[in-house]
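Report on the following structure.
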Amino acid sequence: MQIFRWGYTFYAALIFVTLFILLLPFFCVPIVFKSRHKWIGQLNRIWAKLFFWLLFFKNKNELRFTPLKNGQYIFCPNHFSYLDIPTMGLNPISSIFVGKNDMEKVPLFGWMYRKLHITVDRNSMKSKYSTIINSLKAVDEGKNLMIFPEGGMLTTEPPKMVRFKDGAFRVAIEKQIPIVPVTIPFNWIILPDGSWTPKRRLLKVIYHEPLETKGLTLEDVATLRQKTYEIIDQELKQQLDEN
């Protein structure tokens, strides 16, 4: 049984790397031509769908709102598992990630990630400031953002989240664009932190109704942050009770 698990883990890694190599030339297009930034989300979806299909995972995107044709959003998912990143690649709305700079250390992949997304060194105040500036600029360029508001996989008691950081909510209010709370209910069971052998279970993502920020000021950051937290937290509990 252990041999099968290790074999499956190796197979998953091989699929991930193979798909990356095959898609890399296409990812280079939005790196060279900035106006093609929507390709990033489209390619992420292709990558994620093929990855999960080849791993025999069933997935379900539950979109609880109708996106505006030219609307912009900041997506805020909970984060308990390494599987959350490819899972959010399934996002039907093209977005770029704002996340920790750990990815930059991966050969070639790190180069691509740094060029297409926004990275932050959470141990550096200068980097945190630059991330806010780059996020504001990305919104001005018409991009949607994907930000894990916990700041990483920090909880030791999933599915209990840690306190959200302010960054996503500051950007949303400054640019007056909606926050979309996102619940990923089962990834911490499928692939717990510290494990490399996934368990078979429905991979589900719930995109909640957007929280409007029009008319809000930076004094409302804490209220918006708490409301987002409560929506995700309530859904996590409900999903576990029902399943």
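A note on labels: chains of the structure tokens are A, B, ... as shown, every chain counts residues from 1, and ligands are counted from 1 in their shown order.
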
Quick one: residues within 12 Å of stretch 100-115 of chain A, only C-alpha atoms counted, chain neighbours fewer than 6 positions away excluded, as an MDAnalysis selection string? chainID A and resid 16:21 23:34 37 40 44 82 85 121:124 127:128 131 147:153

Output as a tab-separated table one row per residue of stretch 82-135 of chain A within 12 Å of stretch 158-182 of chain A: the closest atom pair and its distance in Å to one decimal place, counting only C-alpha atoms, sorted by chain and residue number ascending.
```
residue	atom	partner	partner_atom	distance
A:Asp84	CA	A:Val182	CA	11.1
A:Thr87	CA	A:Val182	CA	11.4
A:Met88	CA	A:Val182	CA	9.5
A:Asn91	CA	A:Val182	CA	10.2
A:Ile93	CA	A:Val180	CA	11.3
A:Phe97	CA	A:Ala168	CA	11.5
A:Val98	CA	A:Ala168	CA	9.2
A:Gly99	CA	A:Ala168	CA	11.0
A:Val120	CA	A:Gly167	CA	11.3
A:Arg122	CA	A:Lys165	CA	11.2
A:Lys128	CA	A:Gly167	CA	8.8
A:Tyr129	CA	A:Gly167	CA	9.5
A:Ser130	CA	A:Gly167	CA	11.4
A:Thr131	CA	A:Gly167	CA	8.8
A:Ile132	CA	A:Gly167	CA	6.8
A:Ile133	CA	A:Val171	CA	8.9
A:Asn134	CA	A:Val171	CA	10.1
A:Ser135	CA	A:Val171	CA	7.1
```

Enumerate, as a ChimeraX atom specification, the complete set of residues in stretch 5-242 of chain A that a backbone-based DSSP assignment places in alpha helix (DSSP H). /A:5-32,38-54,84-88,109-116,125-140,167-175,187-190,221-242

- Query: Nearest to A:Lys204 among A:Thr156, A:Ser35, A:Asn70, A:Gln239, with distances taken over only C-alpha atoms: which residue is it?
  - Reply: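 Of A:Thr156, A:Ser35, A:Asn70, A:Gln239, the one nearest A:Lys204 is A:Gln239, counting only C-alpha atoms.
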
Per-residue DSSP, stretch 69-216 of chain A, filtered to strand (DSSP E or B), as a PDB file with C-alpha atoms, in the first residue's frame:
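The file below, selection.pdb, is the result:
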```pdb
ATOM      1  CA  ILE A  74     -10.110  40.350  -5.489  1.00  0.00           C
ATOM      2  CA  PHE A  75     -10.556  36.687  -4.559  1.00  0.00           C
ATOM      3  CA  CYS A  76      -9.813  35.698  -0.955  1.00  0.00           C
ATOM      4  CA  PRO A  77      -9.683  31.912  -0.274  1.00  0.00           C
ATOM      5  CA  ILE A  96      -3.081  36.601 -11.003  1.00  0.00           C
ATOM      6  CA  PHE A  97      -1.762  35.396  -7.650  1.00  0.00           C
ATOM      7  CA  VAL A  98      -0.370  37.595  -4.912  1.00  0.00           C
ATOM      8  CA  GLY A  99       1.629  35.323  -2.629  1.00  0.00           C
ATOM      9  CA  LYS A 100       4.806  34.386  -0.792  1.00  0.00           C
ATOM     10  CA  ILE A 118       3.110  39.303  -7.553  1.00  0.00           C
ATOM     11  CA  THR A 119       5.385  37.901  -4.867  1.00  0.00           C
ATOM     12  CA  VAL A 120       6.090  39.080  -1.331  1.00  0.00           C
ATOM     13  CA  LEU A 145      -6.179  39.395  -7.948  1.00  0.00           C
ATOM     14  CA  MET A 146      -6.044  36.148  -5.971  1.00  0.00           C
ATOM     15  CA  ILE A 147      -4.834  36.711  -2.410  1.00  0.00           C
ATOM     16  CA  ILE A 179     -13.892  41.233  -2.464  1.00  0.00           C
ATOM     17  CA  VAL A 180     -15.023  37.689  -3.309  1.00  0.00           C
ATOM     18  CA  PRO A 181     -14.779  35.339  -0.297  1.00  0.00           C
ATOM     19  CA  VAL A 182     -13.780  31.844  -1.465  1.00  0.00           C
ATOM     20  CA  THR A 183     -14.225  28.651   0.537  1.00  0.00           C
ATOM     21  CA  LEU A 203     -12.316  18.845  -4.753  1.00  0.00           C
ATOM     22  CA  LYS A 204     -14.755  21.703  -4.244  1.00  0.00           C
ATOM     23  CA  VAL A 205     -14.478  25.500  -4.451  1.00  0.00           C
ATOM     24  CA  ILE A 206     -17.237  27.930  -3.474  1.00  0.00           C
ATOM     25  CA  TYR A 207     -17.151  31.513  -4.782  1.00  0.00           C
ATOM     26  CA  LEU A 211     -18.683  42.196  -0.997  1.00  0.00           C
TER      27      LEU A 211
END
```

Query - Non-local contacts of A:Phe51 (9 Å; only C-alpha atoms; under 4 positions in same chain excluded) as an MDAnalysis selection string - result: chainID A and resid 12 15:16 19 46:47 55:57 86

Surrounding residues of A:Lys237 excluding itself and chain neighbours under 3 positions, 10 Å, only C-alpha atoms, as a PyMOL selection string:
chain A and resi 159-160+185+232-234+240-242
